[in-house]
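data-v1.pdb (PDB, C-alpha atoms and all ligand atoms)
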ATOM      1  CA  MET A 863      15.304 -18.460 -26.042
ATOM      2  CA  ASP A 864      11.562 -19.021 -25.757
ATOM      3  CA  CYS A 865      10.790 -15.471 -24.755
ATOM      4  CA  TYR A 866      10.336 -12.110 -26.462
ATOM      5  CA  ASN A 867       8.842 -13.745 -29.546
ATOM      6  CA  ASP A 868       5.151 -12.781 -29.968
ATOM      7  CA  PHE A 869       5.535 -10.750 -26.777
ATOM      8  CA  ALA A 870       7.573  -8.268 -28.831
ATOM      9  CA  TYR A 871       4.399  -7.115 -30.608
ATOM     10  CA  VAL A 872       2.670  -6.103 -27.364
ATOM     11  CA  TYR A 873       5.786  -5.131 -25.365
ATOM     12  CA  ASP A 874       5.476  -1.379 -25.885
ATOM     13  CA  LYS A 875       1.886  -1.400 -24.661
ATOM     14  CA  LEU A 876       2.989  -3.050 -21.438
ATOM     15  CA  VAL A 877       5.870  -0.692 -20.704
ATOM     16  CA  ASP A 878       3.995   2.520 -21.382
ATOM     17  CA  ASP A 879       4.321   3.395 -17.688
ATOM     18  CA  VAL A 880       8.135   3.101 -17.747
ATOM     19  CA  ASP A 881       9.793   6.498 -17.635
ATOM     20  CA  TYR A 882      12.810   6.020 -19.910
ATOM     21  CA  ASN A 883      13.678   9.716 -19.438
ATOM     22  CA  GLU A 884      14.211   8.975 -15.757
ATOM     23  CA  PHE A 885      16.709   6.264 -16.718
ATOM     24  CA  LEU A 886      18.464   8.655 -19.094
ATOM     25  CA  SER A 887      18.741  11.471 -16.527
ATOM     26  CA  PHE A 888      20.074   9.081 -13.926
ATOM     27  CA  PHE A 889      22.638   7.541 -16.280
ATOM     28  CA  GLU A 890      23.793  10.996 -17.392
ATOM     29  CA  LYS A 891      24.166  12.018 -13.764
ATOM     30  CA  ILE A 892      26.441   8.998 -13.223
ATOM     31  CA  PHE A 893      28.460   9.902 -16.339
ATOM     32  CA  GLU A 894      28.863  13.439 -15.047
ATOM     33  CA  MET A 895      29.878  12.329 -11.547
ATOM     34  CA  ASN A 896      32.587  10.248 -13.182
ATOM     35  CA  ASN A 897      33.756  12.966 -15.599
ATOM     36  CA  LEU A 898      32.755  10.749 -18.505
ATOM     37  CA  THR A 899      31.502  12.341 -21.712
ATOM     38  CA  PRO A 900      30.649   9.331 -23.839
ATOM     39  CA  GLU A 901      30.249   9.648 -27.579
ATOM     40  CA  LEU A 902      29.692   6.022 -28.529
ATOM     41  CA  ILE A 903      27.454   3.884 -26.294
ATOM     42  CA  LEU A 904      26.693   0.180 -26.535
ATOM     43  CA  GLU A 905      23.248  -0.800 -25.273
ATOM     44  CA  LEU A 906      22.786  -4.442 -24.299
ATOM     45  CA  GLY A 907      19.295  -5.999 -24.410
ATOM     46  CA  CYS A 908      17.907  -2.936 -26.200
ATOM     47  CA  GLY A 909      14.543  -4.644 -26.842
ATOM     48  CA  THR A 910      12.184  -2.509 -28.915
ATOM     49  CA  GLY A 911      14.556   0.455 -28.694
ATOM     50  CA  ASN A 912      12.744   2.629 -26.155
ATOM     51  CA  PHE A 913      15.898   3.610 -24.291
ATOM     52  CA  THR A 914      17.926   3.591 -27.514
ATOM     53  CA  GLU A 915      15.581   6.290 -28.781
ATOM     54  CA  LYS A 916      16.323   8.456 -25.732
ATOM     55  CA  LEU A 917      20.085   8.018 -26.167
ATOM     56  CA  VAL A 918      19.895   8.910 -29.855
ATOM     57  CA  GLY A 919      17.717  11.917 -28.986
ATOM     58  CA  LYS A 920      20.516  13.201 -26.750
ATOM     59  CA  GLY A 921      23.041  12.964 -29.588
ATOM     60  CA  TYR A 922      24.920   9.820 -28.600
ATOM     61  CA  ASP A 923      26.079   7.357 -31.236
ATOM     62  CA  VAL A 924      24.559   4.033 -30.320
ATOM     63  CA  ILE A 925      25.180   0.367 -31.046
ATOM     64  CA  ALA A 926      22.194  -1.603 -29.775
ATOM     65  CA  LEU A 927      22.179  -5.342 -29.296
ATOM     66  CA  ASP A 928      19.481  -7.898 -28.515
ATOM     67  CA  SER A 929      19.039 -11.637 -28.973
ATOM     68  CA  SER A 930      15.373 -11.372 -29.970
ATOM     69  CA  GLU A 931      14.875 -10.812 -33.692
ATOM     70  CA  GLN A 932      11.288  -9.721 -33.078
ATOM     71  CA  MET A 933      12.233  -7.068 -30.501
ATOM     72  CA  LEU A 934      15.020  -5.766 -32.755
ATOM     73  CA  GLY A 935      12.658  -5.671 -35.745
ATOM     74  CA  ILE A 936      10.424  -3.229 -33.874
ATOM     75  CA  ALA A 937      13.412  -1.155 -32.734
ATOM     76  CA  GLN A 938      14.655  -0.938 -36.321
ATOM     77  CA  GLU A 939      11.306   0.408 -37.486
ATOM     78  CA  LYS A 940      11.596   3.249 -34.954
ATOM     79  CA  LEU A 941      15.195   4.267 -35.484
ATOM     80  CA  GLU A 942      17.638   4.992 -38.253
ATOM     81  CA  ASN A 943      21.334   5.665 -37.696
ATOM     82  CA  VAL A 944      21.694   2.991 -35.044
ATOM     83  CA  LEU A 945      23.769  -0.114 -35.591
ATOM     84  CA  PHE A 946      21.521  -2.946 -34.413
ATOM     85  CA  LEU A 947      23.116  -6.305 -33.713
ATOM     86  CA  ASN A 948      21.195  -9.527 -33.277
ATOM     87  CA  GLN A 949      23.576 -11.112 -30.804
ATOM     88  CA  ASP A 950      23.665 -12.760 -27.404
ATOM     89  CA  MET A 951      25.015 -10.347 -24.818
ATOM     90  CA  THR A 952      27.014 -13.139 -23.182
ATOM     91  CA  ASP A 953      28.876 -13.807 -26.416
ATOM     92  CA  PHE A 954      28.984 -10.639 -28.506
ATOM     93  CA  GLU A 955      31.495  -9.244 -30.940
ATOM     94  CA  LEU A 956      32.050  -5.603 -31.895
ATOM     95  CA  TYR A 957      34.314  -3.963 -34.454
ATOM     96  CA  GLY A 958      35.938  -1.692 -31.884
ATOM     97  CA  THR A 959      35.673  -0.196 -28.432
ATOM     98  CA  VAL A 960      32.991   2.074 -26.952
ATOM     99  CA  ASP A 961      32.912   4.760 -24.244
ATOM    100  CA  ALA A 962      30.077   3.323 -22.159
ATOM    101  CA  ILE A 963      27.942   0.195 -22.003
ATOM    102  CA  VAL A 964      24.415   0.293 -20.613
ATOM    103  CA  CYS A 965      21.627  -2.210 -20.048
ATOM    104  CA  VAL A 966      18.217  -1.097 -18.799
ATOM    105  CA  LEU A 967      15.111  -2.686 -17.340
ATOM    106  CA  ASP A 968      16.552  -5.832 -15.807
ATOM    107  CA  GLY A 969      18.165  -7.346 -18.907
ATOM    108  CA  ILE A 970      20.990  -8.612 -16.682
ATOM    109  CA  ASN A 971      18.546 -10.686 -14.587
ATOM    110  CA  TYR A 972      17.865 -12.652 -17.786
ATOM    111  CA  ILE A 973      21.418 -14.040 -17.642
ATOM    112  CA  THR A 974      20.606 -16.983 -15.427
ATOM    113  CA  ASN A 975      24.015 -18.631 -15.479
ATOM    114  CA  LYS A 976      26.728 -17.043 -13.335
ATOM    115  CA  ARG A 977      29.556 -18.190 -15.595
ATOM    116  CA  LYS A 978      27.823 -16.548 -18.547
ATOM    117  CA  LEU A 979      27.380 -13.337 -16.588
ATOM    118  CA  LEU A 980      31.102 -13.333 -15.827
ATOM    119  CA  LYS A 981      31.755 -13.776 -19.541
ATOM    120  CA  LEU A 982      29.428 -10.844 -20.288
ATOM    121  CA  PHE A 983      31.293  -8.627 -17.776
ATOM    122  CA  LYS A 984      34.667  -9.677 -19.240
ATOM    123  CA  LEU A 985      33.452  -8.852 -22.758
ATOM    124  CA  CYS A 986      32.219  -5.454 -21.559
ATOM    125  CA  HIS A 987      35.575  -4.755 -19.943
ATOM    126  CA  ASN A 988      37.331  -5.788 -23.135
ATOM    127  CA  TYR A 989      35.195  -3.545 -25.386
ATOM    128  CA  LEU A 990      35.297  -0.453 -23.150
ATOM    129  CA  ASN A 991      37.787   2.328 -23.711
ATOM    130  CA  TYR A 992      40.031   3.134 -20.756
ATOM    131  CA  GLY A 993      38.056   5.133 -18.214
ATOM    132  CA  GLY A 994      34.779   3.850 -19.721
ATOM    133  CA  MET A 995      31.820   2.667 -17.662
ATOM    134  CA  LEU A 996      29.320  -0.157 -17.502
ATOM    135  CA  ILE A 997      25.948   0.809 -15.984
ATOM    136  CA  PHE A 998      22.956  -1.470 -15.600
ATOM    137  CA  ASP A 999      19.912  -1.901 -13.402
ATOM    138  CA  ILE A1000      18.558  -5.123 -11.975
ATOM    139  CA  ASN A1001      15.501  -6.288 -10.131
ATOM    140  CA  SER A1002      16.743  -6.622  -6.560
ATOM    141  CA  GLU A1003      16.785  -9.805  -4.540
ATOM    142  CA  TYR A1004      14.087  -8.235  -2.325
ATOM    143  CA  LYS A1005      11.801  -7.495  -5.272
ATOM    144  CA  LEU A1006      12.165 -10.895  -6.927
ATOM    145  CA  LYS A1007      11.676 -12.777  -3.638
ATOM    146  CA  ASN A1008       9.029 -10.647  -1.961
ATOM    147  CA  ILE A1009       7.151  -8.582  -4.519
ATOM    148  CA  ILE A1010       7.196 -10.874  -7.541
ATOM    149  CA  GLY A1011       7.778 -14.092  -5.547
ATOM    150  CA  ASN A1012       5.073 -16.714  -6.088
ATOM    151  CA  ASN A1013       2.452 -14.095  -6.851
ATOM    152  CA  THR A1014       0.145 -13.850  -9.820
ATOM    153  CA  PHE A1015      -0.649 -10.566 -11.534
ATOM    154  CA  VAL A1016      -3.343  -9.794 -14.026
ATOM    155  CA  GLY A1017      -3.159  -6.806 -16.354
ATOM    156  CA  ASP A1018      -5.411  -5.160 -18.846
ATOM    157  CA  ASN A1019      -3.808  -2.567 -21.038
ATOM    158  CA  ASP A1020      -5.353  -1.161 -24.207
ATOM    159  CA  ASP A1021      -5.753  -4.197 -26.459
ATOM    160  CA  VAL A1022      -3.860  -6.687 -24.328
ATOM    161  CA  PHE A1023      -5.035  -8.778 -21.408
ATOM    162  CA  TYR A1024      -2.387 -10.831 -19.604
ATOM    163  CA  VAL A1025      -1.911 -13.199 -16.717
ATOM    164  CA  TRP A1026       1.551 -13.288 -15.146
ATOM    165  CA  GLU A1027       2.073 -16.260 -12.809
ATOM    166  CA  ASN A1028       5.347 -16.529 -10.949
ATOM    167  CA  GLN A1029       7.246 -19.400  -9.470
ATOM    168  CA  LEU A1030       9.972 -18.541  -6.970
ATOM    169  CA  LEU A1031      12.840 -21.015  -6.861
ATOM    170  CA  LYS A1032      16.060 -20.839  -4.829
ATOM    171  CA  ASP A1033      17.980 -18.486  -7.096
ATOM    172  CA  ARG A1034      15.494 -17.540  -9.807
ATOM    173  CA  VAL A1035      11.892 -16.738 -10.611
ATOM    174  CA  ASN A1036      10.037 -18.254 -13.546
ATOM    175  CA  PHE A1037       7.404 -15.988 -15.090
ATOM    176  CA  TYR A1038       4.610 -17.898 -16.839
ATOM    177  CA  LEU A1039       2.959 -15.334 -19.088
ATOM    178  CA  THR A1040      -0.282 -15.746 -20.990
ATOM    179  CA  PHE A1041      -1.381 -12.971 -23.320
ATOM    180  CA  PHE A1042      -4.609 -12.314 -25.140
ATOM    181  CA  ALA A1043      -3.829  -9.669 -27.730
ATOM    182  CA  LYS A1044      -6.572  -8.099 -29.807
ATOM    183  CA  ASP A1045      -6.188  -8.426 -33.562
ATOM    184  CA  LYS A1046      -8.532  -7.894 -36.512
ATOM    185  CA  GLU A1047     -10.271 -11.235 -35.999
ATOM    186  CA  GLY A1048     -10.554 -11.287 -32.219
ATOM    187  CA  TYR A1049      -8.084 -12.179 -29.517
ATOM    188  CA  ASN A1050      -4.873 -14.061 -30.212
ATOM    189  CA  ARG A1051      -3.553 -16.136 -27.294
ATOM    190  CA  PHE A1052       0.135 -16.791 -26.810
ATOM    191  CA  ASP A1053       2.280 -17.960 -23.928
ATOM    192  CA  GLU A1054       5.863 -17.347 -22.933
ATOM    193  CA  VAL A1055       8.095 -18.428 -20.062
ATOM    194  CA  HIS A1056      10.723 -15.975 -18.832
ATOM    195  CA  THR A1057      13.285 -16.588 -16.117
ATOM    196  CA  GLU A1058      15.034 -13.939 -14.068
ATOM    197  CA  ARG A1059      17.975 -14.891 -11.886
ATOM    198  CA  ILE A1060      18.251 -13.478  -8.366
ATOM    199  CA  TYR A1061      21.663 -11.871  -7.880
ATOM    200  CA  SER A1062      22.828 -10.560  -4.519
ATOM    201  CA  GLN A1063      24.913  -7.399  -4.475
ATOM    202  CA  SER A1064      27.928  -9.365  -3.269
ATOM    203  CA  GLU A1065      27.655 -11.848  -6.153
ATOM    204  CA  LEU A1066      27.580  -8.998  -8.666
ATOM    205  CA  LEU A1067      30.508  -7.219  -7.026
ATOM    206  CA  SER A1068      32.589 -10.359  -7.009
ATOM    207  CA  LEU A1069      31.876 -11.091 -10.697
ATOM    208  CA  LEU A1070      32.633  -7.498 -11.711
ATOM    209  CA  LYS A1071      35.920  -7.564  -9.782
ATOM    210  CA  LYS A1072      36.849 -10.860 -11.454
ATOM    211  CA  ALA A1073      36.272  -9.122 -14.790
ATOM    212  CA  ASN A1074      38.760  -6.414 -13.664
ATOM    213  CA  PHE A1075      36.235  -3.623 -13.112
ATOM    214  CA  GLU A1076      37.121  -0.955 -10.561
ATOM    215  CA  ASP A1077      35.310   1.628  -8.503
ATOM    216  CA  ILE A1078      32.080  -0.391  -8.398
ATOM    217  CA  LYS A1079      29.069   1.424  -6.940
ATOM    218  CA  VAL A1080      25.530   0.246  -6.281
ATOM    219  CA  TYR A1081      22.711   2.785  -6.067
ATOM    220  CA  ALA A1082      18.974   2.373  -5.756
ATOM    221  CA  ASP A1083      15.746   3.599  -7.203
ATOM    222  CA  PHE A1084      17.112   6.419  -9.431
ATOM    223  CA  ASP A1085      19.009   8.083  -6.615
ATOM    224  CA  VAL A1086      22.698   8.323  -5.789
ATOM    225  CA  LYS A1087      22.159   6.574  -2.476
ATOM    226  CA  LYS A1088      22.974   3.153  -1.120
ATOM    227  CA  PRO A1089      20.205   0.567  -1.450
ATOM    228  CA  ASN A1090      18.237  -0.356   1.647
ATOM    229  CA  LYS A1091      16.731  -3.761   2.427
ATOM    230  CA  LYS A1092      13.584  -2.947   0.487
ATOM    231  CA  SER A1093      15.068  -1.258  -2.577
ATOM    232  CA  GLN A1094      13.527  -2.769  -5.688
ATOM    233  CA  ARG A1095      15.662  -1.507  -8.562
ATOM    234  CA  LEU A1096      19.415  -1.467  -8.106
ATOM    235  CA  PHE A1097      21.784   0.432 -10.357
ATOM    236  CA  VAL A1098      25.261  -0.983 -10.699
ATOM    237  CA  CYS A1099      28.063   1.209 -12.066
ATOM    238  CA  ALA A1100      31.571  -0.078 -12.730
ATOM    239  CA  LYS A1101      34.636   1.534 -14.297
ATOM    240  CA  LYS A1102      37.424   0.322 -16.481
ATOM    241  CA  ASN A1103      40.748   1.734 -15.266
ATOM    242  CA  ALA A1104      41.904   4.958 -16.884
ATOM    243  CA  LYS A1105      45.109   3.338 -18.296
TER
HETATM  244  C1  LIG A1201      12.959  -6.590 -19.968
HETATM  245  S1  LIG A1201      13.482  -6.488 -21.637
HETATM  246  C2  LIG A1201      14.177  -4.844 -21.657
HETATM  247  C3  LIG A1201      14.199  -4.271 -23.045
HETATM  248  C4  LIG A1201      14.679  -2.837 -23.140
HETATM  249  N1  LIG A1201      15.982  -2.680 -22.556
HETATM  250  C5  LIG A1201      13.706  -1.878 -22.497
HETATM  251  O1  LIG A1201      14.130  -1.146 -21.608
HETATM  252  O2  LIG A1201      12.546  -1.826 -22.884
HETATM  253  C6  LIG A1201      14.921  -7.525 -21.685
HETATM  254  C7  LIG A1201      15.562  -7.616 -23.057
HETATM  255  O3  LIG A1201      16.761  -8.359 -22.940
HETATM  256  C8  LIG A1201      16.877  -9.195 -24.067
HETATM  257  N2  LIG A1201      17.755 -10.327 -23.715
HETATM  258  C9  LIG A1201      17.551 -11.273 -22.783
HETATM  259  N3  LIG A1201      18.581 -12.132 -22.751
HETATM  260  C10 LIG A1201      19.466 -11.700 -23.689
HETATM  261  C11 LIG A1201      20.725 -12.147 -24.145
HETATM  262  N4  LIG A1201      21.311 -13.235 -23.608
HETATM  263  N5  LIG A1201      21.360 -11.450 -25.094
HETATM  264  C12 LIG A1201      20.790 -10.343 -25.653
HETATM  265  N6  LIG A1201      19.592  -9.872 -25.278
HETATM  266  C13 LIG A1201      18.931 -10.529 -24.302
HETATM  267  C14 LIG A1201      15.462  -9.624 -24.397
HETATM  268  O4  LIG A1201      15.331 -10.089 -25.727
HETATM  269  C15 LIG A1201      14.708  -8.329 -24.117
HETATM  270  O5  LIG A1201      14.617  -7.533 -25.275
END
Produce structure tokens that represent the structure in this file.
Amino acid sequence: MDCYNDFAYVYDKLVDDVDYNEFLSFFEKIFEMNNLTPELILELGCGTGNFTEKLVGKGYDVIALDSSEQMLGIAQEKLENVLFLNQDMTDFELYGTVDAIVCVLDGINYITNKRKLLKLFKLCHNYLNYGGMLIFDINSEYKLKNIIGNNTFVGDNDDVFYVWENQLLKDRVNFYLTFFAKDKEGYNRFDEVHTERIYSQSELLSLLKKANFEDIKVYADFDVKKPNKKSQRLFVCAKKNAK
């Protein structure tokens, strides 16, 4: 993967406007609605551990997994008592089962191959306890096509200046990112290319059903309501049967 290398060292500065508490409250609401009281949670694509930290703060036991060594390194500096695994979420192995699996901030869009996403869903189903849930959010088709699309964004945040150029293709968007990060000697330039796959709701539902998930619900924008045409962040919740 040619992303989340040097980017890891500036990542937290660029997500300082993300309200991870909002994610936590919403996920806990979903748990409650489904009478689920998870003890052990697996977090996929945990990155620098910002959401992991919230889960740990609420008393959950957490296994957190990411394919970027650099992102995990930063997470490990923040948190003790978390089992961090440097693994690919489309091909992971655990010692046992968990009560819930979560993935936040569009990690699932990074799985650009549909067959691999099916494998990921099958693995999640396999490692969930009966009655357990998978919950993740994605950037919607609308957002990737119309908001991110072929647009270019420029950002200036504390010690980091970045240019984010996008290329919209049929089923994916390439992000060409250039960073200038301040260090002791001046500004250090680095570049990364990220790709997010556009998934329609029906594609996701069909893959989740193939992986034997039940009771699949899609909500939008931190609310227990159906998405509309312009919803930007979709939340997908799927259950493993209760035995
Ligand atoms: C947008 S970041 C989100 C990070 C974190 N969840 C957060 O909320 O800040 C996406 C994360 O997914 C990870 N990722 C992407 N593809 C992955 C894969 N195949 N397996 C494991 N992690 C992956 C990246 O390394 C990155 O840390």
Please identify every residue of chain A that has at least one atom no farther than 7 Å from an atom of ligand LIG 1201 (chain A), counting only C-alpha atoms and all ligand atoms, and for each give the shortest atom pair and the distance in Å to one decimal, arranged by chain then increasing number, as a Markdown table.
| residue | atom | partner | partner_atom | distance |
| --- | --- | --- | --- | --- |
| A:Tyr866 | CA | A:LIG1201 | O4 | 5.4 |
| A:Leu906 | CA | A:LIG1201 | C12 | 6.4 |
| A:Gly907 | CA | A:LIG1201 | O3 | 3.8 |
| A:Cys908 | CA | A:LIG1201 | N1 | 4.1 |
| A:Gly909 | CA | A:LIG1201 | O5 | 3.3 |
| A:Thr910 | CA | A:LIG1201 | O2 | 6.1 |
| A:Gly911 | CA | A:LIG1201 | C4 | 6.5 |
| A:Asn912 | CA | A:LIG1201 | O2 | 5.5 |
| A:Phe913 | CA | A:LIG1201 | O1 | 5.7 |
| A:Leu927 | CA | A:LIG1201 | C12 | 6.3 |
| A:Asp928 | CA | A:LIG1201 | N6 | 3.8 |
| A:Ser929 | CA | A:LIG1201 | C12 | 4.0 |
| A:Ser930 | CA | A:LIG1201 | O4 | 4.4 |
| A:Met933 | CA | A:LIG1201 | O5 | 5.8 |
| A:Gln949 | CA | A:LIG1201 | C12 | 5.9 |
| A:Asp950 | CA | A:LIG1201 | N5 | 3.5 |
| A:Met951 | CA | A:LIG1201 | N5 | 3.8 |
| A:Thr952 | CA | A:LIG1201 | N4 | 5.7 |
| A:Cys965 | CA | A:LIG1201 | N1 | 6.2 |
| A:Val966 | CA | A:LIG1201 | N1 | 4.6 |
| A:Leu967 | CA | A:LIG1201 | O1 | 4.6 |
| A:Asp968 | CA | A:LIG1201 | C1 | 5.5 |
| A:Gly969 | CA | A:LIG1201 | C6 | 4.3 |
| A:Tyr972 | CA | A:LIG1201 | N3 | 5.0 |
| A:Ile973 | CA | A:LIG1201 | N4 | 6.0 |
Could you list, as number ranges by chain, every residue within 10 Å of Asp1020 of chain A, counting all atoms listed in the file and ignoring same-chain residues fewer than 4 positions away? A: 872, 875-876, 1043-1044
Starting from the shown file, work through the PyMOL selection byres (((chain A and resi 923) around 10) and not hetatm) and note down what comes out as JSON, numbers by chain. {"A": [900, 901, 902, 903, 904, 914, 917, 918, 919, 920, 921, 922, 924, 925, 926, 943, 944, 945, 960]}
Which residues match the PyMOL selection byres (((chain A and resi 1040) around 6) and not hetatm) in the file above, as an mmCIF file with C-alpha atoms, in the coordinates of the input?
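Result file follows (out.cif):
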data_model
loop_
_atom_site.group_PDB
_atom_site.id
_atom_site.type_symbol
_atom_site.label_atom_id
_atom_site.label_comp_id
_atom_site.auth_asym_id
_atom_site.auth_seq_id
_atom_site.Cartn_x
_atom_site.Cartn_y
_atom_site.Cartn_z
ATOM 1 C CA TYR A 1024 -2.387 -10.831 -19.604
ATOM 2 C CA VAL A 1025 -1.911 -13.199 -16.717
ATOM 3 C CA LEU A 1039 2.959 -15.334 -19.088
ATOM 4 C CA PHE A 1041 -1.381 -12.971 -23.320
ATOM 5 C CA PHE A 1052 0.135 -16.791 -26.810
ATOM 6 C CA ASP A 1053 2.280 -17.960 -23.928
#
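Using all atoms listed in the file, the shortest contact distance between Ile936 of chain A and any of A:Ala1082, A:Phe1037, A:Lys1032, A:Asn867 is found at A:Asn867.
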Put the listed atoms of segment 864-881 of chain A in a box along x, y and z with 8 Å added on every side and give me the centre and edge lengths in Å to one decimal, as JSON.
{"center_x": 6.7, "center_y": -6.3, "center_z": -24.1, "size_x": 25.7, "size_y": 41.5, "size_z": 29.0}
Atom pair atom CA of Asn1103 of chain A + atom CA of Lys1087 of chain A, distance 23.1 Å
Provide segment 897-916 of chain A rebuilt to N, CA, C and O atoms, formatted as a CSV table (one decimal), in the frame of the given file.
chain,number,residue,atom,x,y,z
A,897,ASN,N,33.1,12.2,-14.6
A,897,ASN,CA,33.8,13.0,-15.6
A,897,ASN,C,33.8,12.2,-16.9
A,897,ASN,O,34.9,12.3,-17.6
A,898,LEU,N,32.8,11.5,-17.3
A,898,LEU,CA,32.8,10.7,-18.5
A,898,LEU,C,31.8,11.5,-19.5
A,898,LEU,O,30.7,11.8,-19.1
A,899,THR,N,32.3,11.7,-20.7
A,899,THR,CA,31.5,12.3,-21.7
A,899,THR,C,31.5,11.4,-22.9
A,899,THR,O,32.2,11.6,-23.9
A,900,PRO,N,30.6,10.4,-22.8
A,900,PRO,CA,30.6,9.3,-23.8
A,900,PRO,C,30.1,9.9,-25.2
A,900,PRO,O,29.2,10.7,-25.2
A,901,GLU,N,30.8,9.3,-26.2
A,901,GLU,CA,30.2,9.6,-27.6
A,901,GLU,C,29.6,8.4,-28.1
A,901,GLU,O,28.5,8.5,-28.6
A,902,LEU,N,30.2,7.3,-28.0
A,902,LEU,CA,29.7,6.0,-28.5
A,902,LEU,C,29.3,5.1,-27.4
A,902,LEU,O,30.1,4.8,-26.5
A,903,ILE,N,28.0,4.7,-27.4
A,903,ILE,CA,27.5,3.9,-26.3
A,903,ILE,C,26.9,2.6,-26.9
A,903,ILE,O,26.3,2.6,-27.9
A,904,LEU,N,27.3,1.5,-26.2
A,904,LEU,CA,26.7,0.2,-26.5
A,904,LEU,C,25.5,-0.1,-25.6
A,904,LEU,O,25.7,0.0,-24.3
A,905,GLU,N,24.4,-0.4,-26.1
A,905,GLU,CA,23.2,-0.8,-25.3
A,905,GLU,C,23.0,-2.3,-25.4
A,905,GLU,O,22.7,-2.8,-26.5
A,906,LEU,N,23.0,-3.0,-24.3
A,906,LEU,CA,22.8,-4.4,-24.3
A,906,LEU,C,21.3,-4.7,-24.0
A,906,LEU,O,20.7,-4.0,-23.2
A,907,GLY,N,20.7,-5.7,-24.7
A,907,GLY,CA,19.3,-6.0,-24.4
A,907,GLY,C,18.4,-4.8,-24.7
A,907,GLY,O,17.5,-4.4,-23.9
A,908,CYS,N,18.6,-4.2,-25.9
A,908,CYS,CA,17.9,-2.9,-26.2
A,908,CYS,C,16.4,-3.1,-26.4
A,908,CYS,O,15.6,-2.2,-26.4
A,909,GLY,N,16.0,-4.4,-26.6
A,909,GLY,CA,14.5,-4.6,-26.8
A,909,GLY,C,14.0,-3.9,-28.0
A,909,GLY,O,14.6,-3.8,-29.1
A,910,THR,N,12.8,-3.2,-27.8
A,910,THR,CA,12.2,-2.5,-28.9
A,910,THR,C,12.7,-1.1,-29.1
A,910,THR,O,12.1,-0.3,-29.8
A,911,GLY,N,13.9,-0.8,-28.4
A,911,GLY,CA,14.6,0.5,-28.7
A,911,GLY,C,14.0,1.7,-27.9
A,911,GLY,O,14.4,2.8,-28.3
A,912,ASN,N,13.3,1.5,-26.9
A,912,ASN,CA,12.7,2.6,-26.2
A,912,ASN,C,13.8,3.5,-25.5
A,912,ASN,O,13.7,4.7,-25.5
A,913,PHE,N,14.8,2.8,-24.9
A,913,PHE,CA,15.9,3.6,-24.3
A,913,PHE,C,16.9,4.1,-25.4
A,913,PHE,O,17.4,5.2,-25.3
A,914,THR,N,17.1,3.2,-26.4
A,914,THR,CA,17.9,3.6,-27.5
A,914,THR,C,17.5,4.9,-28.1
A,914,THR,O,18.3,5.8,-28.4
A,915,GLU,N,16.2,5.1,-28.2
A,915,GLU,CA,15.6,6.3,-28.8
A,915,GLU,C,16.0,7.5,-27.9
A,915,GLU,O,16.3,8.6,-28.5
A,916,LYS,N,16.0,7.3,-26.6
A,916,LYS,CA,16.3,8.5,-25.7
A,916,LYS,C,17.8,8.8,-25.9
A,916,LYS,O,18.2,10.0,-25.9
